[in-house]
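Visitor: Sending over coords_4.txt (compact mmCIF, C-alpha atoms).
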```
# COMPACT_ATOMS: atom_id res chain seq x y z
CA ASP A 1 232.54 49.20 272.07
CA THR A 2 233.71 51.62 269.38
CA GLY A 3 234.93 49.22 266.72
CA SER A 4 236.12 45.81 265.64
CA TRP A 5 239.08 45.65 268.00
CA SER A 6 237.14 46.66 271.10
CA ALA A 7 234.49 44.10 270.12
CA LYS A 8 237.20 41.45 270.10
CA ALA A 9 238.36 42.60 273.54
CA ILE A 10 234.79 42.29 274.85
CA LYS A 11 234.58 38.75 273.50
CA GLU A 12 237.80 37.79 275.28
CA ALA A 13 236.75 39.45 278.55
CA LYS A 14 233.58 37.37 278.64
CA ASN A 15 235.76 34.29 279.12
CA PHE A 16 236.84 35.60 282.53
CA GLY A 17 234.03 37.66 284.05
CA THR A 18 230.84 39.64 283.67
CA VAL A 19 231.09 42.34 281.01
CA ASN A 20 229.11 45.56 281.04
CA VAL A 21 229.19 47.21 277.62
CA ALA A 22 229.12 50.86 278.63
CA TYR A 23 228.47 52.01 275.05
CA ALA A 24 227.42 49.92 272.04
CA GLY A 25 228.74 51.73 268.99
CA LYS A 26 227.80 48.93 266.61
CA ASN A 27 224.21 50.16 266.80
CA GLU A 28 225.38 53.27 264.92
CA ASN A 29 227.83 51.50 262.61
CA TYR A 30 230.73 52.78 264.70
CA THR A 31 230.48 56.27 263.24
CA ARG A 32 231.30 58.21 266.41
CA ILE A 33 232.89 58.23 269.85
CA PRO A 34 230.48 58.52 272.81
CA SER A 35 230.38 61.49 275.15
CA GLN A 36 231.07 61.11 278.86
CA ASP A 37 227.36 61.44 279.67
CA GLU A 38 226.44 58.53 277.40
CA LEU A 39 228.64 55.98 279.15
CA LYS A 40 226.77 53.52 281.35
CA LEU A 41 229.66 52.70 283.65
CA SER A 42 229.60 50.33 286.59
CA GLY A 43 231.47 52.76 288.83
CA SER A 44 233.98 51.57 291.40
CA GLU A 45 232.53 48.06 291.28
CA ALA A 46 234.22 47.41 287.94
CA ALA A 47 237.65 45.80 287.83
CA TYR A 48 238.57 48.11 284.96
CA VAL A 49 237.16 50.05 282.00
CA HIS A 50 238.54 49.09 278.60
CA LEU A 51 238.61 51.12 275.39
CA THR A 52 240.40 51.23 272.07
CA SER A 53 241.83 54.71 271.60
CA ASN A 54 241.84 54.67 267.79
CA ASN A 55 239.70 52.49 265.58
CA THR A 56 241.56 51.65 262.39
CA ILE A 57 238.61 50.16 260.51
CA ALA A 58 235.92 52.64 261.55
CA GLY A 59 238.16 55.71 261.32
CA THR A 60 237.27 57.06 264.78
CA GLN A 61 239.46 58.17 267.67
CA PHE A 62 239.08 59.38 271.24
CA ALA A 63 240.05 63.04 271.18
CA ALA A 64 239.81 63.02 274.99
CA PHE A 65 239.52 60.07 277.34
CA PRO A 66 236.59 59.44 279.70
CA LYS A 67 236.81 59.91 283.43
CA THR A 68 236.27 56.63 285.24
CA GLN A 69 236.24 55.42 288.84
CA ALA A 70 237.69 52.06 287.86
CA PRO A 71 241.18 51.87 286.30
CA LEU A 72 241.17 52.81 282.62
CA VAL A 73 242.74 50.22 280.30
CA ALA A 74 243.49 51.28 276.73
CA ASP A 75 244.50 49.48 273.58
CA MET A 76 246.60 52.14 271.87
CA SER A 77 248.09 49.97 269.15
CA SER A 78 247.25 52.36 266.32
CA ASP A 79 247.83 55.83 267.77
CA ILE A 80 250.46 55.50 270.50
CA LEU A 81 253.24 58.09 270.08
CA SER A 82 251.08 60.22 267.79
CA ARG A 83 250.33 62.83 270.48
CA PRO A 84 251.24 63.74 274.09
CA LEU A 85 249.67 61.49 276.71
CA ASN A 86 249.34 61.61 280.50
CA VAL A 87 250.00 57.99 281.44
CA ASN A 88 248.88 58.72 285.00
CA ASP A 89 245.29 58.78 283.72
CA PHE A 90 245.48 55.07 282.92
CA GLY A 91 245.80 51.86 284.85
CA LEU A 92 247.22 50.02 281.86
CA ILE A 93 248.18 50.88 278.31
CA TYR A 94 249.09 48.24 275.77
CA ALA A 95 250.07 48.63 272.14
CA GLY A 96 251.35 46.58 269.27
CA ALA A 97 254.42 48.21 267.78
CA GLN A 98 253.53 47.96 264.13
CA LYS A 99 251.88 51.34 263.55
CA ASN A 100 254.00 54.08 265.14
CA ILE A 101 256.56 52.39 267.40
CA GLY A 102 258.51 50.06 265.13
CA PRO A 103 258.24 46.79 263.20
CA SER A 104 255.76 44.07 264.08
CA GLY A 105 256.77 41.49 266.66
CA LEU A 106 256.91 43.84 269.65
CA ALA A 107 254.35 45.00 272.20
CA LEU A 108 254.56 47.91 274.61
CA VAL A 109 252.90 47.76 278.03
CA ILE A 110 252.65 50.50 280.66
CA ILE A 111 250.99 49.22 283.82
CA ARG A 112 250.39 50.63 287.29
CA LYS A 113 252.32 48.66 289.91
CA ASP A 114 249.27 48.09 292.09
CA LEU A 115 247.40 46.56 289.15
CA ALA A 116 250.29 44.27 288.28
CA ALA A 117 250.26 43.10 291.90
CA ARG A 118 246.65 41.95 291.48
CA ALA A 119 247.58 39.34 288.88
CA SER A 120 246.29 35.85 289.62
CA GLU A 121 248.86 33.24 290.59
CA LYS A 122 247.02 30.85 288.28
CA LEU A 123 248.08 32.78 285.20
CA PRO A 124 250.57 31.07 282.90
CA THR A 125 254.04 32.44 283.61
CA MET A 126 254.40 34.08 280.20
CA LEU A 127 251.01 35.86 280.52
CA ASN A 128 251.76 37.39 283.92
CA TYR A 129 253.04 40.95 283.63
CA ASN A 130 255.01 40.51 286.86
CA THR A 131 257.18 37.96 285.08
CA HIS A 132 258.35 40.61 282.65
CA ILE A 133 258.59 43.34 285.27
CA ASP A 134 260.79 41.17 287.52
CA GLN A 135 262.98 40.13 284.59
CA GLY A 136 263.38 43.58 283.04
CA SER A 137 261.46 42.49 279.92
CA CYS A 138 264.09 39.81 279.31
CA PHE A 139 262.28 36.72 280.59
CA ASN A 140 262.45 35.40 277.03
CA THR A 141 265.08 36.23 274.43
CA PRO A 142 264.16 39.74 273.26
CA PRO A 143 263.92 40.49 269.50
CA THR A 144 266.99 42.69 269.42
CA LEU A 145 266.74 44.00 265.85
CA PRO A 146 263.13 45.31 266.19
CA ILE A 147 264.14 46.88 269.54
CA TYR A 148 267.02 48.63 267.79
CA PHE A 149 264.55 49.97 265.23
CA VAL A 150 262.39 51.30 268.07
CA ASP A 151 265.43 53.15 269.39
CA LEU A 152 265.88 54.76 265.98
CA VAL A 153 262.19 55.71 265.84
CA CYS A 154 262.39 57.33 269.30
CA LYS A 155 265.44 59.36 268.26
CA TRP A 156 263.56 60.41 265.11
CA LEU A 157 260.60 61.50 267.25
CA GLU A 158 262.84 63.59 269.48
CA LYS A 159 264.42 65.19 266.42
CA ASN A 160 260.94 66.16 265.20
CA GLY A 161 259.91 67.87 268.42
CA GLY A 162 258.81 64.87 270.48
CA LEU A 163 255.16 63.96 270.85
CA ALA A 164 254.06 67.61 270.82
CA GLY A 165 255.82 68.12 267.51
CA MET A 166 254.37 64.90 266.11
CA GLU A 167 250.87 65.94 267.16
CA LYS A 168 251.27 69.22 265.28
CA ILE A 169 252.38 67.38 262.15
CA ASN A 170 249.59 64.80 262.43
CA ASN A 171 246.98 67.52 262.91
CA ALA A 172 248.20 69.32 259.80
CA LYS A 173 248.08 66.11 257.75
CA ALA A 174 244.59 65.19 258.94
CA ASP A 175 243.23 68.72 258.47
CA LYS A 176 244.49 68.83 254.90
CA LEU A 177 243.02 65.43 254.00
CA TYR A 178 239.66 65.95 255.69
CA GLY A 179 239.52 69.38 254.08
CA ALA A 180 239.88 67.76 250.67
CA ILE A 181 237.06 65.35 251.48
CA ASP A 182 234.68 67.96 252.86
CA GLY A 183 235.56 70.36 250.04
CA LYS A 184 234.15 67.87 247.53
CA GLY A 185 231.09 67.03 249.61
CA GLU A 186 229.01 65.90 246.65
CA PHE A 187 231.68 63.42 245.56
CA TYR A 188 233.60 62.37 248.69
CA ARG A 189 231.85 61.64 251.97
CA CYS A 190 233.30 60.83 255.38
CA PRO A 191 230.77 58.83 257.45
CA VAL A 192 232.42 59.70 260.77
CA ALA A 193 231.15 62.46 263.07
CA ILE A 194 233.49 65.45 262.85
CA ASP A 195 234.45 65.40 266.54
CA SER A 196 235.24 61.66 266.34
CA ARG A 197 237.44 61.60 263.25
CA SER A 198 240.70 59.71 263.48
CA LYS A 199 244.02 61.45 262.84
CA MET A 200 245.52 58.07 261.90
CA ASN A 201 242.96 56.40 259.65
CA VAL A 202 240.89 58.60 257.36
CA VAL A 203 237.91 56.78 255.86
CA PHE A 204 235.63 58.05 253.12
CA ARG A 205 233.21 56.91 250.45
CA LEU A 206 232.58 57.79 246.82
CA PRO A 207 229.17 57.88 245.04
CA SER A 208 229.40 54.19 244.06
CA GLU A 209 231.43 51.05 244.73
CA GLU A 210 232.41 51.02 241.05
CA LEU A 211 233.97 54.46 241.41
CA GLU A 212 235.71 53.34 244.60
CA ALA A 213 237.27 50.40 242.78
CA LYS A 214 238.37 52.73 239.98
CA PHE A 215 239.77 55.17 242.54
CA VAL A 216 241.87 52.46 244.23
CA ALA A 217 243.15 51.12 240.91
CA GLU A 218 244.13 54.50 239.47
CA ALA A 219 245.61 55.67 242.77
CA GLY A 220 247.73 52.52 242.89
CA ALA A 221 248.95 53.15 239.35
CA ALA A 222 249.92 56.65 240.47
CA GLY A 223 251.97 55.25 243.35
CA LEU A 224 249.37 55.79 246.07
CA LYS A 225 249.07 52.34 247.65
CA GLY A 226 246.92 50.70 250.30
CA LEU A 227 243.86 52.91 249.92
CA LYS A 228 241.23 50.18 249.76
CA GLY A 229 239.00 50.18 252.82
CA HIS A 230 238.94 47.22 255.18
CA ARG A 231 237.16 44.24 253.66
CA SER A 232 234.51 44.34 256.40
CA VAL A 233 233.32 47.86 255.53
CA GLY A 234 234.58 48.71 252.05
CA GLY A 235 235.12 52.28 250.93
CA ILE A 236 238.46 54.08 250.99
CA ARG A 237 240.90 54.28 253.88
CA ALA A 238 244.07 56.36 254.06
CA SER A 239 246.25 55.29 256.98
CA ILE A 240 248.45 58.29 257.77
CA TYR A 241 250.57 57.13 260.68
CA ASN A 242 253.59 59.04 261.96
CA ALA A 243 255.87 57.83 259.16
CA THR A 244 253.58 59.29 256.49
CA GLY A 245 254.95 62.65 255.42
CA ILE A 246 252.98 65.75 254.48
CA ASP A 247 254.26 65.24 250.90
CA ALA A 248 252.28 62.00 250.70
CA ILE A 249 249.14 63.85 251.82
CA ASP A 250 249.73 66.51 249.19
CA ALA A 251 250.06 63.82 246.53
CA LEU A 252 246.84 62.12 247.64
CA VAL A 253 244.89 65.39 247.79
CA SER A 254 246.07 66.31 244.31
CA PHE A 255 244.99 62.92 242.99
CA MET A 256 241.61 63.21 244.73
CA ASN A 257 240.93 66.61 243.20
CA ASN A 258 241.82 65.39 239.71
CA PHE A 259 239.80 62.19 240.11
CA ALA A 260 236.72 64.11 241.25
CA ALA A 261 237.06 66.53 238.33
CA GLN A 262 237.25 63.67 235.84
CA ASN A 263 234.55 61.46 237.36
CA GLY A 264 232.22 63.80 239.22
```
Rewrite the structure of this file - the entire thing - as structure tokens.

Guide:
Amino acid sequence: DTGSWSAKAIKEAKNFGTVNVAYAGKNENYTRIPSQDELKLSGSEAAYVHLTSNNTIAGTQFAAFPKTQAPLVADMSSDILSRPLNVNDFGLIYAGAQKNIGPSGLALVIIRKDLAARASEKLPTMLNYNTHIDQGSCFNTPPTLPIYFVDLVCKWLEKNGGLAGMEKINNAKADKLYGAIDGKGEFYRCPVAIDSRSKMNVVFRLPSEELEAKFVAEAGAAGLKGLKGHRSVGGIRASIYNATGIDAIDALVSFMNNFAAQNG
């Protein structure tokens, strides 16, 4: 449990079986990703191990994935396609499209064939992955326009060096933004452990909530939108998904430096 979305997954899983929470990040306000040694796994007795690879609200991300005896299932909705990935390390990957893949309304699933074969016959037809495997993802009428957009995104990714090239760009963006935060340590503060920081969602705080509100308002007036932190945690959040260019990071860093100089 490393954030709001994994907590929701745990809640759903309890409707179908016994859940062992291998790590309870809520106890530490979701400020870090656990190490391998901290995980209290059930071993081969578990049906699967579930995690959320990137936590949009908390601003944390798995830099490396744990080794598990049971199949590893990952919700990668917010960082899929942001870096190279060995899909053979996972039993199942699922992701909403709306962050890095394409427009909302699509979901991507990569599942091991032996796991798909384990699906209960009591599942509703639409909720059985085998239905979509057998029908080539065309059991229902596919949303053709969003799929076309995904094709364009994939071609754009290839043009930019594929996932290795995108990882290099994302690392540069994150390093520049975190550097601006850490460089003004008395004014900006990132609550996330350094080795757990997300490359997709950069969260930070200012000395007061009043200054945070002023920051969001003035940033918006300067054309820097969507910087208000999630309503459940407050603060500031810069979501810097694949489509965010380095020029946007430069603009934000420049604004941050000026704002700190005027209000620090």

Visitor: Extract, using only C-alpha atoms, all DNA, RNA and protein residues at most 12 Å from stretch 163-174 of chain A, discarding same-chain residues fewer than 6 positions from it, and format them as a count of residues only.

Guide: 43

Visitor: Which polymer residues have any atom within 8 Å of an atom of A:Pro191, counting all atoms listed in the file, with same-chain residues fewer than 3 positions away left out, as a compact mmCIF listing (two decimals) with C-alpha atoms, in the frame of the given file?

Guide:
```txt
# COMPACT_ATOMS: atom_id res chain seq x y z
CA THR A 31 230.48 56.27 263.24
CA VAL A 203 237.91 56.78 255.86
CA PHE A 204 235.63 58.05 253.12
CA ARG A 205 233.21 56.91 250.45
```

Visitor: May I ask which of the residues A:Pro66, A:Phe16, A:Glu218, A:Asn88 is the closest one to A:Leu123, counting all atoms listed in the file?

Guide: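 Checking each candidate against A:Leu123, we get A:Phe16 as the closest.
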
Visitor: Closest to A:Ala97 among A:Phe62, A:Phe149, A:Phe255, A:Tyr48, using all atoms listed in the file?

Guide: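 With all atoms listed in the file as the atom set, the closest residue is A:Phe149.
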
Visitor: Do you have the atom CA of A:Gln61-atom CA of A:Gln36 distance handy?

Guide: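 The value is 14.3 Å.
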
Visitor: Got a sec: who's within 8 Å of A:Gln98, counting all atoms listed in the file, leaving out chain neighbours fewer than 6 positions off, as a PyMOL selection string?

Guide: chain A and resi 77-78+104-106

Visitor: Could you list, as a PyMOL selection string, every residue within 12 Å of A:Ala261, counting only C-alpha atoms and ignoring same-chain residues fewer than 5 positions away?

Guide: chain A and resi 184+186-188+254-256

Visitor: Within 6 Å of stretch 219-228 of chain A, counting all atoms listed in the file, which residues qualify if same-chain residues fewer than 4 places away don't, as a JSON list (two decimals) with C-alpha atoms, in the coordinates of the input?

Guide:
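What follows is the written file out.json:
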```
[["chain", "number", "residue", "atom", "x", "y", "z"],
["A", 215, "PHE", "CA", 239.77, 55.17, 242.54],
["A", 236, "ILE", "CA", 238.46, 54.08, 250.99],
["A", 237, "ARG", "CA", 240.90, 54.28, 253.88],
["A", 238, "ALA", "CA", 244.07, 56.36, 254.06]]
```

Visitor: I need the residue nearest A:Trp5 from this list: A:Gly185, A:Asn55, A:Ser44, A:Asn20. Use all atoms listed in the file for the distance.

Guide: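 Ranked by minimum distance to A:Trp5, first place goes to A:Asn55.
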
Visitor: Using all atoms listed in the file, which of A:Gly17, A:Pro34, A:Gly235, A:Gly229 sits nearest A:Glu209?

Guide: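 Of A:Gly17, A:Pro34, A:Gly235, A:Gly229, the one nearest A:Glu209 is A:Gly235, counting all atoms listed in the file.
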
Visitor: Atom CA of A:Asn15 and atom CA of A:Glu121, how far apart in Å?

Guide: 17.4 Å

Visitor: Give the answer as one residue: which of A:Val216, A:Ala193, A:Ile147, A:Val87 has the shortest atom-to-atom distance to A:Asn29, using all atoms listed in the file?

Guide: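 The shortest atom-to-atom distance to A:Asn29 comes from A:Ala193.
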
Visitor: Of the candidates A:Ser208, A:His50, A:Asn140, A:Ala119, which one gets nearest to A:Glu12 if we count all atoms listed in the file?

Guide: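 Using all atoms listed in the file, the shortest distance to A:Glu12 belongs to A:His50.
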
Visitor: Would you work out the distance separating atom CA of A:Ser232 from atom CA of A:Ser35, expressed in Å to one decimal?

Guide: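 About the pair atom CA of A:Ser232 and atom CA of A:Ser35: they are 25.7 Å apart.
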
Visitor: Could you put an axis-aligned box around every listed atom of stretch 203-206 of chain A, padded by 8 Å on each side, and send me its centre and edge lengths in Å to one decimal, as lines of an AutoDock Vina configuration file?

Guide:
```
center_x = 235.2
center_y = 57.4
center_z = 251.3
size_x = 21.3
size_y = 17.3
size_z = 25.0
```

Visitor: Starting from the sparse input, extend stretch 127-138 of chain A to all heavy atoms and give the output as a PDB file, keeping the file's coordinate frame.

Guide:
```
ATOM      1  N   LEU A 127     252.114  34.903 280.617  1.00  0.00           N
ATOM      2  CA  LEU A 127     251.010  35.860 280.520  1.00  0.00           C
ATOM      3  C   LEU A 127     250.877  36.737 281.755  1.00  0.00           C
ATOM      4  O   LEU A 127     249.953  37.538 281.838  1.00  0.00           O
ATOM      5  CB  LEU A 127     249.701  35.111 280.272  1.00  0.00           C
ATOM      6  CG  LEU A 127     249.627  34.282 278.983  1.00  0.00           C
ATOM      7  CD1 LEU A 127     248.245  33.661 278.834  1.00  0.00           C
ATOM      8  CD2 LEU A 127     249.964  35.129 277.766  1.00  0.00           C
ATOM      9  N   ASN A 128     251.780  36.588 282.688  1.00  0.00           N
ATOM     10  CA  ASN A 128     251.760  37.390 283.920  1.00  0.00           C
ATOM     11  C   ASN A 128     252.712  38.566 283.753  1.00  0.00           C
ATOM     12  O   ASN A 128     253.919  38.374 283.568  1.00  0.00           O
ATOM     13  CB  ASN A 128     252.162  36.528 285.108  1.00  0.00           C
ATOM     14  CG  ASN A 128     251.908  37.208 286.446  1.00  0.00           C
ATOM     15  OD1 ASN A 128     252.038  38.430 286.562  1.00  0.00           O
ATOM     16  ND2 ASN A 128     251.553  36.424 287.436  1.00  0.00           N
ATOM     17  N   TYR A 129     252.187  39.777 283.813  1.00  0.00           N
ATOM     18  CA  TYR A 129     253.040  40.950 283.630  1.00  0.00           C
ATOM     19  C   TYR A 129     254.178  41.018 284.648  1.00  0.00           C
ATOM     20  O   TYR A 129     255.257  41.543 284.367  1.00  0.00           O
ATOM     21  CB  TYR A 129     252.205  42.239 283.718  1.00  0.00           C
ATOM     22  CG  TYR A 129     251.351  42.496 282.499  1.00  0.00           C
ATOM     23  CD1 TYR A 129     250.019  42.883 282.627  1.00  0.00           C
ATOM     24  CD2 TYR A 129     251.874  42.398 281.219  1.00  0.00           C
ATOM     25  CE1 TYR A 129     249.221  43.136 281.511  1.00  0.00           C
ATOM     26  CE2 TYR A 129     251.102  42.641 280.094  1.00  0.00           C
ATOM     27  CZ  TYR A 129     249.769  43.009 280.253  1.00  0.00           C
ATOM     28  OH  TYR A 129     248.998  43.258 279.147  1.00  0.00           O
ATOM     29  N   ASN A 130     253.954  40.478 285.849  1.00  0.00           N
ATOM     30  CA  ASN A 130     255.010  40.510 286.860  1.00  0.00           C
ATOM     31  C   ASN A 130     256.242  39.739 286.419  1.00  0.00           C
ATOM     32  O   ASN A 130     257.362  40.073 286.810  1.00  0.00           O
ATOM     33  CB  ASN A 130     254.473  39.944 288.180  1.00  0.00           C
ATOM     34  CG  ASN A 130     253.443  40.846 288.813  1.00  0.00           C
ATOM     35  OD1 ASN A 130     253.714  42.000 289.130  1.00  0.00           O
ATOM     36  ND2 ASN A 130     252.226  40.341 288.990  1.00  0.00           N
ATOM     37  N   THR A 131     256.043  38.716 285.614  1.00  0.00           N
ATOM     38  CA  THR A 131     257.180  37.960 285.080  1.00  0.00           C
ATOM     39  C   THR A 131     258.111  38.888 284.321  1.00  0.00           C
ATOM     40  O   THR A 131     259.334  38.864 284.508  1.00  0.00           O
ATOM     41  CB  THR A 131     256.684  36.844 284.146  1.00  0.00           C
ATOM     42  OG1 THR A 131     255.844  35.958 284.870  1.00  0.00           O
ATOM     43  CG2 THR A 131     257.857  36.080 283.549  1.00  0.00           C
ATOM     44  N   HIS A 132     257.544  39.737 283.498  1.00  0.00           N
ATOM     45  CA  HIS A 132     258.350  40.610 282.650  1.00  0.00           C
ATOM     46  C   HIS A 132     258.876  41.817 283.420  1.00  0.00           C
ATOM     47  O   HIS A 132     259.967  42.314 283.136  1.00  0.00           O
ATOM     48  CB  HIS A 132     257.518  41.032 281.443  1.00  0.00           C
ATOM     49  CG  HIS A 132     256.951  39.857 280.699  1.00  0.00           C
ATOM     50  ND1 HIS A 132     257.708  39.087 279.863  1.00  0.00           N
ATOM     51  CD2 HIS A 132     255.704  39.288 280.723  1.00  0.00           C
ATOM     52  CE1 HIS A 132     256.965  38.097 279.374  1.00  0.00           C
ATOM     53  NE2 HIS A 132     255.742  38.205 279.891  1.00  0.00           N
ATOM     54  N   ILE A 133     258.105  42.252 284.418  1.00  0.00           N
ATOM     55  CA  ILE A 133     258.590  43.340 285.270  1.00  0.00           C
ATOM     56  C   ILE A 133     259.804  42.874 286.064  1.00  0.00           C
ATOM     57  O   ILE A 133     260.843  43.558 286.118  1.00  0.00           O
ATOM     58  CB  ILE A 133     257.466  43.796 286.230  1.00  0.00           C
ATOM     59  CG1 ILE A 133     256.333  44.463 285.442  1.00  0.00           C
ATOM     60  CG2 ILE A 133     258.021  44.755 287.282  1.00  0.00           C
ATOM     61  CD1 ILE A 133     255.098  44.743 286.278  1.00  0.00           C
ATOM     62  N   ASP A 134     259.699  41.693 286.681  1.00  0.00           N
ATOM     63  CA  ASP A 134     260.790  41.170 287.520  1.00  0.00           C
ATOM     64  C   ASP A 134     262.044  40.861 286.704  1.00  0.00           C
ATOM     65  O   ASP A 134     263.160  40.955 287.225  1.00  0.00           O
ATOM     66  CB  ASP A 134     260.326  39.904 288.245  1.00  0.00           C
ATOM     67  CG  ASP A 134     259.216  40.171 289.254  1.00  0.00           C
ATOM     68  OD1 ASP A 134     259.056  41.344 289.654  1.00  0.00           O
ATOM     69  OD2 ASP A 134     258.510  39.217 289.629  1.00  0.00           O
ATOM     70  N   GLN A 135     261.843  40.513 285.426  1.00  0.00           N
ATOM     71  CA  GLN A 135     262.980  40.130 284.590  1.00  0.00           C
ATOM     72  C   GLN A 135     263.436  41.250 283.645  1.00  0.00           C
ATOM     73  O   GLN A 135     264.208  41.006 282.721  1.00  0.00           O
ATOM     74  CB  GLN A 135     262.621  38.888 283.773  1.00  0.00           C
ATOM     75  CG  GLN A 135     262.292  37.659 284.609  1.00  0.00           C
ATOM     76  CD  GLN A 135     263.470  37.185 285.435  1.00  0.00           C
ATOM     77  OE1 GLN A 135     264.614  37.216 284.968  1.00  0.00           O
ATOM     78  NE2 GLN A 135     263.204  36.758 286.666  1.00  0.00           N
ATOM     79  N   GLY A 136     262.963  42.457 283.879  1.00  0.00           N
ATOM     80  CA  GLY A 136     263.380  43.580 283.040  1.00  0.00           C
ATOM     81  C   GLY A 136     263.072  43.381 281.573  1.00  0.00           C
ATOM     82  O   GLY A 136     263.854  43.783 280.694  1.00  0.00           O
ATOM     83  N   SER A 137     261.918  42.778 281.291  1.00  0.00           N
ATOM     84  CA  SER A 137     261.460  42.490 279.920  1.00  0.00           C
ATOM     85  C   SER A 137     262.395  41.538 279.179  1.00  0.00           C
ATOM     86  O   SER A 137     262.402  41.505 277.943  1.00  0.00           O
ATOM     87  CB  SER A 137     261.301  43.786 279.111  1.00  0.00           C
ATOM     88  OG  SER A 137     260.272  44.575 279.654  1.00  0.00           O
ATOM     89  N   CYS A 138     263.169  40.767 279.928  1.00  0.00           N
ATOM     90  CA  CYS A 138     264.090  39.810 279.310  1.00  0.00           C
ATOM     91  C   CYS A 138     263.843  38.389 279.809  1.00  0.00           C
ATOM     92  O   CYS A 138     264.771  37.577 279.890  1.00  0.00           O
ATOM     93  CB  CYS A 138     265.539  40.205 279.572  1.00  0.00           C
ATOM     94  SG  CYS A 138     266.074  41.665 278.654  1.00  0.00           S
TER      95      CYS A 138
END
```
